[in-house]
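Below: the structure, in structure tokens.
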Amino acid sequence: MRTQVVIVGGGPSGLLLSLLLDKHGIDSVILERKTKDHVLSRIRAGVLERGLVGLLREVGCASRLEREGYVHDGTILSFEDERIGITFTDHVDETVVVYGQTEVTRDLYEAREAAGGKIEFNVEDVMLDDVRTDSPFVTYCVAEEGRRIDCDFIAGCDGFHGVSRKSIPAEVRQEFEKVYPFGWLGILSKTPPVEDKLIYASSKRGFALCSMRNENLSRYYIQCDLDDRIEDWSDDAFWDELRRRIPKDAADKLVTGPSIEKSIAPLRSFVCEPMQWGKLFLCGDAAHIVPPTGAKGLNTAASDVHYLYNALVQFYLDGDRTGIDGYSEKALGRVWKAERFSWWMTSLLHRFPHQGPFDLKMQQAEISFLKSNREAQSVLAQNYVGLPY
């Protein structure tokens with residue numbers, strides 16, 4: 001088999017890239033290690049930046065988002081019972097949309113299938129070969145049958161544990177990582193949201209986040225210890241702890257119910273440099289991870305897709321290599337800014353083990369500055385809605 005671009009990974013970034021390329025007549029094949037149902041079972045956050053929403057509109061995948069998504073023109077940060085409301089439209093005249101990542105992926109699959117795009121599921125033993133030559137190819141197995149695809153380029157959209165990043169020689173890769181000493185315990189419940197905006201709450205007991213999927217489906221998180229287990233937390237224990245961490249007026253009107261999904265996620269910041277090696281280009285979690293505090297994971301993957309898609313179109317339609325040769329530098333420039341914002345939000349809002357009096361005073365000073373300084377609020381708003389591509 002031959003195609004122009006092999007996309008390793010059938011999550012939202014790989015699907016979005018395939019649809020954008022298809023709009024310009026560039027052929028691609030997606031290889032996915034799991035089944036479609038498994039990909040759609042992954043529960044992820046769903047705060048979409050303006051840039052990602054624009055890309056979804058570009059490929060015709062925004063109609064359900066525009067009907068069902070929550071447009072948010074601001075967010076709330078709370079510190080004990082004190083609230084700081086940040087209205088995005090006062091600073092940047094932009095908004096974000098709350099729409100579950102699972103739903104984004106579902107919409108992208110429907111569009112890819114409607115376009116007749118080729119997706120191989122249940123692929124195993126993927127190997128990326130000759131990526132430093134003009135004739136790269138990918139080998140893999142499906143049901144123990146060996147297969148090969150020859151191509152011009154390979155897009156590694158296969159996540160942190162995928163084969164793509166590891167295909168760049170260890171002596172070439174430089175990896176930067178910070179592991180945070182806590183995790184997030186999250187639940188999904190069929191309950192109305194406690195507010196019509198997200199609440200990022202910092203308290204003496206730790207961080208909490210109040211989010212939503214729709215008017216009857218809410219997503220809540222609390223900071224927890226890394227050695228906590230899901231079975232250590234009953235639903236009642238979770239709700240009681242959440243109430244202690246969010247402002248009293250929100251706690252008083254919180255509607256609780258049985259959890260329909262519960263998970264614990266560790267937090268880390270991670271970046272791999274470079275994001276390209278020969279004809280291989282990394283996108284999304286294959287190259288970088290952010291803590292979820294700044295809602296940048298999927299959005300940063302989308303910016304990678306934007307740069308790579310435009311670079312490939314420039315190459316195929318104009319014969320210009322500028323974009324593909326400069327992809328890594330361009331993508332990393334924005335990645336590190338998203339990493340900074342996510343690190344800053346995480347540092348501001350969480351309680352760290354062994355945090356001393358000086359550290360707490362610095363957090364309090366940062367909070368006081370943010371509350372009183374319009375320019376500081378504007379910087380938060382610019383980063384939250386998404387820096388321009």
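The way I read the labels, and the way they are meant: chains A, B, ... in the order of the structure tokens, residue 1 as the first residue of every chain, and ligand 1 as the first ligand shown, with later ones counted on from there.
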
### Message
With only C-alpha atoms as the counted atoms, please give the residues lying no more than 9 Å from region 257-262 of chain A, apart from itself and same-chain residues fewer than 6 positions off, as a list in words.
### Response
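Residues meeting the cut-off are Ile43, Leu185, Gly186, Ile187, Leu188, Ser189, Lys190, Thr191, Ile230, Asp235, Asp236 and Trp239 of chain A.
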
### Task
Pick out each residue of region 81-236 of chain A that DSSP on the backbone tags as helix (DSSP H, G or I); I need them as an MDAnalysis selection string.
chainID A and resid 88:91 101:114 163:166 230:232 235:236

Writing out the chosen residues with N, CA and C atoms as a PDB file, in the first residue's frame:
```pdb
ATOM      1  N   PHE A  88     -13.217  36.912  29.975  1.00  0.00           N
ATOM      2  CA  PHE A  88     -12.315  36.903  28.818  1.00  0.00           C
ATOM      3  C   PHE A  88     -12.627  38.032  27.848  1.00  0.00           C
ATOM      4  N   THR A  89     -13.914  38.250  27.604  1.00  0.00           N
ATOM      5  CA  THR A  89     -14.305  39.231  26.594  1.00  0.00           C
ATOM      6  C   THR A  89     -13.964  40.660  27.007  1.00  0.00           C
ATOM      7  N   ASP A  90     -13.698  40.901  28.278  1.00  0.00           N
ATOM      8  CA  ASP A  90     -13.245  42.217  28.711  1.00  0.00           C
ATOM      9  C   ASP A  90     -11.797  42.478  28.315  1.00  0.00           C
ATOM     10  N   HIS A  91     -11.065  41.404  28.031  1.00  0.00           N
ATOM     11  CA  HIS A  91      -9.631  41.524  27.797  1.00  0.00           C
ATOM     12  C   HIS A  91      -9.221  41.193  26.364  1.00  0.00           C
ATOM     13  N   GLN A 101     -14.159  16.129  25.044  1.00  0.00           N
ATOM     14  CA  GLN A 101     -13.212  15.623  24.046  1.00  0.00           C
ATOM     15  C   GLN A 101     -13.734  14.355  23.383  1.00  0.00           C
ATOM     16  N   THR A 102     -14.462  13.535  24.133  1.00  0.00           N
ATOM     17  CA  THR A 102     -15.050  12.337  23.532  1.00  0.00           C
ATOM     18  C   THR A 102     -15.994  12.709  22.402  1.00  0.00           C
ATOM     19  N   GLU A 103     -16.757  13.781  22.589  1.00  0.00           N
ATOM     20  CA  GLU A 103     -17.695  14.215  21.548  1.00  0.00           C
ATOM     21  C   GLU A 103     -16.949  14.787  20.346  1.00  0.00           C
ATOM     22  N   VAL A 104     -15.858  15.510  20.604  1.00  0.00           N
ATOM     23  CA  VAL A 104     -15.017  15.988  19.500  1.00  0.00           C
ATOM     24  C   VAL A 104     -14.534  14.805  18.671  1.00  0.00           C
ATOM     25  N   THR A 105     -14.046  13.774  19.349  1.00  0.00           N
ATOM     26  CA  THR A 105     -13.527  12.597  18.652  1.00  0.00           C
ATOM     27  C   THR A 105     -14.631  11.894  17.869  1.00  0.00           C
ATOM     28  N   ARG A 106     -15.801  11.796  18.466  1.00  0.00           N
ATOM     29  CA  ARG A 106     -16.935  11.161  17.767  1.00  0.00           C
ATOM     30  C   ARG A 106     -17.283  11.923  16.489  1.00  0.00           C
ATOM     31  N   ASP A 107     -17.324  13.238  16.570  1.00  0.00           N
ATOM     32  CA  ASP A 107     -17.638  14.048  15.390  1.00  0.00           C
ATOM     33  C   ASP A 107     -16.578  13.880  14.301  1.00  0.00           C
ATOM     34  N   LEU A 108     -15.315  13.812  14.721  1.00  0.00           N
ATOM     35  CA  LEU A 108     -14.227  13.652  13.753  1.00  0.00           C
ATOM     36  C   LEU A 108     -14.270  12.276  13.093  1.00  0.00           C
ATOM     37  N   TYR A 109     -14.597  11.239  13.856  1.00  0.00           N
ATOM     38  CA  TYR A 109     -14.734   9.907  13.259  1.00  0.00           C
ATOM     39  C   TYR A 109     -15.843   9.877  12.213  1.00  0.00           C
ATOM     40  N   GLU A 110     -16.971  10.499  12.544  1.00  0.00           N
ATOM     41  CA  GLU A 110     -18.089  10.512  11.593  1.00  0.00           C
ATOM     42  C   GLU A 110     -17.686  11.210  10.295  1.00  0.00           C
ATOM     43  N   ALA A 111     -16.954  12.304  10.419  1.00  0.00           N
ATOM     44  CA  ALA A 111     -16.528  13.033   9.225  1.00  0.00           C
ATOM     45  C   ALA A 111     -15.503  12.237   8.429  1.00  0.00           C
ATOM     46  N   ARG A 112     -14.582  11.593   9.125  1.00  0.00           N
ATOM     47  CA  ARG A 112     -13.564  10.790   8.439  1.00  0.00           C
ATOM     48  C   ARG A 112     -14.200   9.623   7.689  1.00  0.00           C
ATOM     49  N   GLU A 113     -15.163   8.972   8.323  1.00  0.00           N
ATOM     50  CA  GLU A 113     -15.837   7.839   7.679  1.00  0.00           C
ATOM     51  C   GLU A 113     -16.687   8.311   6.504  1.00  0.00           C
ATOM     52  N   ALA A 114     -17.363   9.459   6.673  1.00  0.00           N
ATOM     53  CA  ALA A 114     -18.187   9.989   5.585  1.00  0.00           C
ATOM     54  C   ALA A 114     -17.348  10.350   4.370  1.00  0.00           C
ATOM     55  N   VAL A 163       4.807   4.635  19.742  1.00  0.00           N
ATOM     56  CA  VAL A 163       6.088   4.269  19.142  1.00  0.00           C
ATOM     57  C   VAL A 163       6.792   5.462  18.488  1.00  0.00           C
ATOM     58  N   SER A 164       6.068   6.516  18.176  1.00  0.00           N
ATOM     59  CA  SER A 164       6.636   7.581  17.331  1.00  0.00           C
ATOM     60  C   SER A 164       7.807   8.292  17.991  1.00  0.00           C
ATOM     61  N   ARG A 165       7.588   8.809  19.206  1.00  0.00           N
ATOM     62  CA  ARG A 165       8.687   9.530  19.852  1.00  0.00           C
ATOM     63  C   ARG A 165       9.900   8.617  20.055  1.00  0.00           C
ATOM     64  N   LYS A 166       9.639   7.372  20.407  1.00  0.00           N
ATOM     65  CA  LYS A 166      10.737   6.430  20.666  1.00  0.00           C
ATOM     66  C   LYS A 166      11.487   6.064  19.387  1.00  0.00           C
ATOM     67  N   ILE A 230      -8.738   4.576  43.917  1.00  0.00           N
ATOM     68  CA  ILE A 230     -10.142   4.915  43.671  1.00  0.00           C
ATOM     69  C   ILE A 230     -11.038   4.306  44.735  1.00  0.00           C
ATOM     70  N   GLU A 231     -10.721   3.054  45.138  1.00  0.00           N
ATOM     71  CA  GLU A 231     -11.568   2.386  46.129  1.00  0.00           C
ATOM     72  C   GLU A 231     -11.476   3.034  47.511  1.00  0.00           C
ATOM     73  N   ASP A 232     -10.483   3.928  47.708  1.00  0.00           N
ATOM     74  CA  ASP A 232     -10.393   4.650  48.982  1.00  0.00           C
ATOM     75  C   ASP A 232     -11.433   5.759  49.078  1.00  0.00           C
ATOM     76  N   ASP A 235     -18.328   7.783  46.899  1.00  0.00           N
ATOM     77  CA  ASP A 235     -18.940   8.998  46.346  1.00  0.00           C
ATOM     78  C   ASP A 235     -19.213  10.014  47.449  1.00  0.00           C
ATOM     79  N   ASP A 236     -19.737   9.546  48.584  1.00  0.00           N
ATOM     80  CA  ASP A 236     -20.039  10.478  49.686  1.00  0.00           C
ATOM     81  C   ASP A 236     -18.783  11.176  50.177  1.00  0.00           C
TER      82      ASP A 236
END
```

### Query
Excluding same-chain residues fewer than 3 positions from region 176-178 of chain A, what lies within 10 Å of it counting only C-alpha atoms, as a ChimeraX atom specification?
/A:173,181,267-273,288-291,343

Restricted to C-alpha atoms, what would the selected residues look like written as a PDB file, in the first residue's frame?
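Final output, saved to out01.pdb:
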```
ATOM      1  CA  ARG A 173      15.976  13.439  21.828  1.00  0.00           C
ATOM      2  CA  PRO A 181       3.660  15.335  43.879  1.00  0.00           C
ATOM      3  CA  LEU A 267       0.099  15.327  36.849  1.00  0.00           C
ATOM      4  CA  ARG A 268       3.242  16.004  34.852  1.00  0.00           C
ATOM      5  CA  SER A 269       4.799  18.544  32.519  1.00  0.00           C
ATOM      6  CA  PHE A 270       6.802  17.007  29.670  1.00  0.00           C
ATOM      7  CA  VAL A 271       8.365  18.207  26.414  1.00  0.00           C
ATOM      8  CA  CYS A 272      10.426  16.336  23.844  1.00  0.00           C
ATOM      9  CA  GLU A 273      12.784  18.244  21.550  1.00  0.00           C
ATOM     10  CA  HIS A 288       4.406  17.005  25.156  1.00  0.00           C
ATOM     11  CA  ILE A 289       2.194  16.653  28.222  1.00  0.00           C
ATOM     12  CA  VAL A 290       0.726  19.442  30.338  1.00  0.00           C
ATOM     13  CA  PRO A 291      -0.998  19.248  33.725  1.00  0.00           C
ATOM     14  CA  TRP A 343       2.743  25.131  35.239  1.00  0.00           C
TER      15      TRP A 343
END
```

### Message
Using only C-alpha atoms, which protein or nucleic acid residues come within 12 Å of region 168-171 of chain A? Drop anything in the same chain fewer than 6 positions from it, and give the result as an MDAnalysis selection string.
### Response
chainID A and resid 127:132 156 162 272:282 286:287

Residues just named, written with N, CA and C atoms as a CSV table (one decimal), in the first residue's frame:
```
chain,number,residue,atom,x,y,z
A,127,MET,N,6.3,-0.3,13.3
A,127,MET,CA,7.7,0.1,13.2
A,127,MET,C,7.8,1.2,12.1
A,128,LEU,N,8.5,2.3,12.4
A,128,LEU,CA,8.7,3.4,11.5
A,128,LEU,C,10.1,3.2,10.9
A,129,ASP,N,10.2,3.1,9.6
A,129,ASP,CA,11.5,2.7,9.0
A,129,ASP,C,11.9,3.8,8.0
A,130,ASP,N,13.2,4.0,7.8
A,130,ASP,CA,13.8,4.8,6.9
A,130,ASP,C,13.3,6.3,6.9
A,131,VAL,N,13.0,6.7,8.1
A,131,VAL,CA,12.4,8.1,8.3
A,131,VAL,C,13.4,9.2,7.9
A,132,ARG,N,14.7,8.9,7.8
A,132,ARG,CA,15.7,9.9,7.4
A,132,ARG,C,16.0,9.9,5.9
A,156,GLY,N,3.3,11.4,13.9
A,156,GLY,CA,3.2,10.6,15.1
A,156,GLY,C,2.2,11.3,16.1
A,162,GLY,N,3.3,5.9,22.8
A,162,GLY,CA,3.3,5.4,21.5
A,162,GLY,C,4.8,5.2,21.0
A,272,CYS,N,9.4,17.0,24.6
A,272,CYS,CA,10.4,16.3,23.8
A,272,CYS,C,10.9,17.3,22.7
A,273,GLU,N,12.2,17.5,22.6
A,273,GLU,CA,12.8,18.2,21.5
A,273,GLU,C,13.8,17.4,20.8
A,274,PRO,N,13.8,17.4,19.5
A,274,PRO,CA,13.0,18.1,18.6
A,274,PRO,C,11.6,17.3,18.4
A,275,MET,N,10.7,18.0,17.7
A,275,MET,CA,9.4,17.4,17.4
A,275,MET,C,9.4,16.8,15.9
A,276,GLN,N,10.6,16.7,15.3
A,276,GLN,CA,10.6,16.1,14.0
A,276,GLN,C,12.0,15.4,13.8
A,277,TRP,N,12.0,14.4,13.0
A,277,TRP,CA,13.2,13.7,12.8
A,277,TRP,C,13.1,13.1,11.4
A,278,GLY,N,13.8,13.7,10.4
A,278,GLY,CA,13.6,13.3,9.0
A,278,GLY,C,12.2,13.6,8.6
A,279,LYS,N,11.5,12.5,8.1
A,279,LYS,CA,10.2,12.6,7.6
A,279,LYS,C,9.1,12.3,8.7
A,280,LEU,N,9.6,12.2,9.9
A,280,LEU,CA,8.7,11.9,11.1
A,280,LEU,C,8.4,13.2,11.8
A,281,PHE,N,7.1,13.5,12.1
A,281,PHE,CA,6.7,14.7,12.8
A,281,PHE,C,5.8,14.3,14.0
A,282,LEU,N,6.1,14.8,15.2
A,282,LEU,CA,5.3,14.5,16.4
A,282,LEU,C,4.3,15.5,16.6
A,286,ALA,N,2.4,12.8,22.0
A,286,ALA,CA,3.6,12.1,21.6
A,286,ALA,C,4.8,13.0,21.9
A,287,ALA,N,4.6,14.3,21.9
A,287,ALA,CA,5.7,15.2,22.1
A,287,ALA,C,5.7,16.0,23.4
```

### Query
Expressed in Å to a single decimal, how great is the separation between CA of Pro192 (chain A) and CA of Leu254 (chain A)?
8.6 Å

### Query
Within 10 Å of His24 (chain A), counting only C-alpha atoms, which residues qualify if same-chain residues fewer than 2 places away don't, as a ChimeraX atom specification?
/A:19-22,26-27,309,312-313,316-317

Rows by chain and residue number, region 268-318 of chain A within 12 Å of region 205-219 of chain A, shortest pair, only C-alpha atoms, as a Markdown table:
```
| residue | atom | partner | partner_atom | distance |
| --- | --- | --- | --- | --- |
| A:Pro292 | CA | A:Leu209 | CA | 10.5 |
| A:Thr293 | CA | A:Leu209 | CA | 8.7 |
| A:Gly294 | CA | A:Leu209 | CA | 11.2 |
| A:Ala295 | CA | A:Ser211 | CA | 11.2 |
```

Residue subset to file, keeping N, CA and C atoms, as a PDB file, in the first residue's frame:
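After the write, again.pdb holds the following:
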```
ATOM      1  N   PRO A 292      -3.448  19.251  33.684  1.00  0.00           N
ATOM      2  CA  PRO A 292      -4.742  19.691  33.144  1.00  0.00           C
ATOM      3  C   PRO A 292      -5.237  21.026  33.694  1.00  0.00           C
ATOM      4  N   THR A 293      -4.520  21.625  34.624  1.00  0.00           N
ATOM      5  CA  THR A 293      -5.009  22.838  35.280  1.00  0.00           C
ATOM      6  C   THR A 293      -5.310  23.955  34.286  1.00  0.00           C
ATOM      7  N   GLY A 294      -4.525  24.071  33.234  1.00  0.00           N
ATOM      8  CA  GLY A 294      -4.749  25.151  32.274  1.00  0.00           C
ATOM      9  C   GLY A 294      -5.577  24.772  31.070  1.00  0.00           C
ATOM     10  N   ALA A 295      -6.089  23.522  31.023  1.00  0.00           N
ATOM     11  CA  ALA A 295      -6.935  23.038  29.913  1.00  0.00           C
ATOM     12  C   ALA A 295      -6.220  23.163  28.563  1.00  0.00           C
TER      13      ALA A 295
END
```

### Pairwise distance for CA of Cys224 (chain A) and CA of Gln377 (chain A), rounded to one decimal in Å
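Separation of CA of Cys224 (chain A) and CA of Gln377 (chain A): 27.8 Å.
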
### Message
When you count only C-alpha atoms, which of these residues is closest to Val39 (chain A): A:Ser18, A:Ser347, A:Asn122, A:Ser63?
### Response
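The answer is A:Asn122, which sits nearest to Val39 (chain A).
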
### Task
Would you please extract all strand (DSSP E) residues from region 11-103 of chain A, as assigned by DSSP on the backbone, and give them as a list in words?
Ser28, Val29, Ile30, Leu31, Val47, Leu48, Tyr70, Val71, His72, Gly74, Thr75, Ile76, Leu77, Ser78, Phe79, Glu82, Arg83, Ile84, Gly85, Ile86, Thr87, Val96, Val97 and Val98 of chain A

Would you save the residues from that selection as a PDB file, in the first residue's frame, using N, CA and C atoms?
```pdb
ATOM      1  N   SER A  28      -4.085  10.237   3.147  1.00  0.00           N
ATOM      2  CA  SER A  28      -3.488   9.750   4.390  1.00  0.00           C
ATOM      3  C   SER A  28      -4.170   8.462   4.829  1.00  0.00           C
ATOM      4  N   VAL A  29      -3.465   7.694   5.646  1.00  0.00           N
ATOM      5  CA  VAL A  29      -3.995   6.490   6.279  1.00  0.00           C
ATOM      6  C   VAL A  29      -3.716   6.603   7.769  1.00  0.00           C
ATOM      7  N   ILE A  30      -4.729   6.301   8.574  1.00  0.00           N
ATOM      8  CA  ILE A  30      -4.589   6.342  10.026  1.00  0.00           C
ATOM      9  C   ILE A  30      -4.403   4.922  10.557  1.00  0.00           C
ATOM     10  N   LEU A  31      -3.433   4.744  11.441  1.00  0.00           N
ATOM     11  CA  LEU A  31      -3.213   3.469  12.120  1.00  0.00           C
ATOM     12  C   LEU A  31      -3.515   3.660  13.608  1.00  0.00           C
ATOM     13  N   VAL A  47     -12.424  21.733  27.402  1.00  0.00           N
ATOM     14  CA  VAL A  47     -12.400  23.187  27.212  1.00  0.00           C
ATOM     15  C   VAL A  47     -11.650  23.454  25.913  1.00  0.00           C
ATOM     16  N   LEU A  48     -12.351  23.955  24.916  1.00  0.00           N
ATOM     17  CA  LEU A  48     -11.771  24.116  23.572  1.00  0.00           C
ATOM     18  C   LEU A  48     -11.431  25.573  23.318  1.00  0.00           C
ATOM     19  N   TYR A  70     -21.098  24.596  25.484  1.00  0.00           N
ATOM     20  CA  TYR A  70     -21.282  25.748  26.353  1.00  0.00           C
ATOM     21  C   TYR A  70     -20.245  26.809  25.980  1.00  0.00           C
ATOM     22  N   VAL A  71     -20.676  27.961  25.507  1.00  0.00           N
ATOM     23  CA  VAL A  71     -19.747  29.064  25.252  1.00  0.00           C
ATOM     24  C   VAL A  71     -19.483  29.770  26.579  1.00  0.00           C
ATOM     25  N   HIS A  72     -18.210  29.865  26.950  1.00  0.00           N
ATOM     26  CA  HIS A  72     -17.831  30.511  28.208  1.00  0.00           C
ATOM     27  C   HIS A  72     -17.034  31.770  27.913  1.00  0.00           C
ATOM     28  N   GLY A  74     -15.777  33.544  30.428  1.00  0.00           N
ATOM     29  CA  GLY A  74     -14.972  33.815  31.612  1.00  0.00           C
ATOM     30  C   GLY A  74     -14.856  32.591  32.497  1.00  0.00           C
ATOM     31  N   THR A  75     -14.098  32.748  33.560  1.00  0.00           N
ATOM     32  CA  THR A  75     -13.934  31.669  34.532  1.00  0.00           C
ATOM     33  C   THR A  75     -13.804  32.280  35.919  1.00  0.00           C
ATOM     34  N   ILE A  76     -13.863  31.433  36.931  1.00  0.00           N
ATOM     35  CA  ILE A  76     -13.794  31.874  38.324  1.00  0.00           C
ATOM     36  C   ILE A  76     -12.617  31.178  39.006  1.00  0.00           C
ATOM     37  N   LEU A  77     -11.780  31.953  39.664  1.00  0.00           N
ATOM     38  CA  LEU A  77     -10.773  31.420  40.553  1.00  0.00           C
ATOM     39  C   LEU A  77     -11.192  31.756  41.973  1.00  0.00           C
ATOM     40  N   SER A  78     -11.159  30.772  42.857  1.00  0.00           N
ATOM     41  CA  SER A  78     -11.530  31.043  44.247  1.00  0.00           C
ATOM     42  C   SER A  78     -10.391  30.639  45.168  1.00  0.00           C
ATOM     43  N   PHE A  79     -10.264  31.396  46.250  1.00  0.00           N
ATOM     44  CA  PHE A  79      -9.252  31.147  47.267  1.00  0.00           C
ATOM     45  C   PHE A  79      -9.973  31.195  48.610  1.00  0.00           C
ATOM     46  N   GLU A  82     -13.065  33.559  48.815  1.00  0.00           N
ATOM     47  CA  GLU A  82     -12.861  34.753  47.988  1.00  0.00           C
ATOM     48  C   GLU A  82     -12.833  34.368  46.510  1.00  0.00           C
ATOM     49  N   ARG A  83     -13.595  35.080  45.689  1.00  0.00           N
ATOM     50  CA  ARG A  83     -13.678  34.783  44.255  1.00  0.00           C
ATOM     51  C   ARG A  83     -12.984  35.869  43.443  1.00  0.00           C
ATOM     52  N   ILE A  84     -12.343  35.432  42.370  1.00  0.00           N
ATOM     53  CA  ILE A  84     -11.835  36.360  41.357  1.00  0.00           C
ATOM     54  C   ILE A  84     -12.456  35.940  40.033  1.00  0.00           C
ATOM     55  N   GLY A  85     -13.306  36.783  39.500  1.00  0.00           N
ATOM     56  CA  GLY A  85     -13.930  36.493  38.217  1.00  0.00           C
ATOM     57  C   GLY A  85     -13.116  37.101  37.076  1.00  0.00           C
ATOM     58  N   ILE A  86     -12.740  36.272  36.107  1.00  0.00           N
ATOM     59  CA  ILE A  86     -11.991  36.750  34.948  1.00  0.00           C
ATOM     60  C   ILE A  86     -12.910  36.653  33.737  1.00  0.00           C
ATOM     61  N   THR A  87     -13.293  37.798  33.177  1.00  0.00           N
ATOM     62  CA  THR A  87     -14.156  37.825  32.007  1.00  0.00           C
ATOM     63  C   THR A  87     -13.281  37.974  30.762  1.00  0.00           C
ATOM     64  N   VAL A  96     -14.158  30.595  25.060  1.00  0.00           N
ATOM     65  CA  VAL A  96     -13.864  29.172  24.895  1.00  0.00           C
ATOM     66  C   VAL A  96     -15.192  28.428  24.849  1.00  0.00           C
ATOM     67  N   VAL A  97     -15.135  27.164  24.428  1.00  0.00           N
ATOM     68  CA  VAL A  97     -16.331  26.335  24.375  1.00  0.00           C
ATOM     69  C   VAL A  97     -16.088  25.082  25.207  1.00  0.00           C
ATOM     70  N   VAL A  98     -17.011  24.771  26.097  1.00  0.00           N
ATOM     71  CA  VAL A  98     -16.939  23.531  26.869  1.00  0.00           C
ATOM     72  C   VAL A  98     -17.720  22.465  26.108  1.00  0.00           C
TER      73      VAL A  98
END
```

### Query
CA of Thr95 (chain A) to CA of Val385 (chain A): how many Å, to one decimal?
6.0 Å

### Task
Write out as a ChimeraX atom specification which residues come within 9 Å of region 296-300 of chain A when counting only C-alpha atoms, dropping same-chain ones fewer than 3 positions away.
/A:12-13,45-49,51-52,101,283-285,288-293,303-305,334-335,338-339,341-342,384,386

For the selection you just gave me, I'd like the residues written to a file as a short mmCIF file (atom, residue, chain, number, x, y, z; two decimals), in the first residue's frame, keeping C-alpha atoms.
```cif
data_model
loop_
_atom_site.label_atom_id
_atom_site.label_comp_id
_atom_site.auth_asym_id
_atom_site.auth_seq_id
_atom_site.Cartn_x
_atom_site.Cartn_y
_atom_site.Cartn_z
CA PRO A 12 -8.60 13.57 17.89
CA SER A 13 -5.30 15.02 16.66
CA ALA A 45 -11.53 17.31 29.53
CA GLY A 46 -13.36 19.50 27.09
CA VAL A 47 -12.40 23.19 27.21
CA LEU A 48 -11.77 24.12 23.57
CA GLU A 49 -9.72 27.15 22.60
CA GLY A 51 -8.05 27.97 17.52
CA LEU A 52 -9.33 24.40 17.88
CA GLN A 101 -13.21 15.62 24.05
CA CYS A 283 1.97 15.92 17.37
CA GLY A 284 0.23 16.25 20.71
CA ASP A 285 0.96 13.92 23.63
CA HIS A 288 4.41 17.00 25.16
CA ILE A 289 2.19 16.65 28.22
CA VAL A 290 0.73 19.44 30.34
CA PRO A 291 -1.00 19.25 33.72
CA PRO A 292 -4.74 19.69 33.14
CA THR A 293 -5.01 22.84 35.28
CA SER A 303 -1.83 23.87 17.41
CA ASP A 304 0.68 21.18 16.35
CA VAL A 305 -1.85 19.91 13.82
CA ARG A 334 3.88 27.72 21.24
CA VAL A 335 4.21 24.48 23.23
CA ALA A 338 1.33 26.54 26.98
CA GLU A 339 3.62 24.62 29.33
CA PHE A 341 0.77 28.72 31.63
CA SER A 342 -0.20 25.23 32.81
CA TYR A 384 -6.80 30.67 28.64
CA GLY A 386 -5.52 30.35 23.48
#
```

### Message
I'd like the neighbourhood of region 352-354 of chain A as a ChimeraX atom specification, where a residue qualifies if any of its atoms comes within 12 Å (using only C-alpha atoms), though same-chain residues fewer than 4 positions away should be ignored.
### Response
/A:180-183,202-207,223-226,346-348,358-360,363
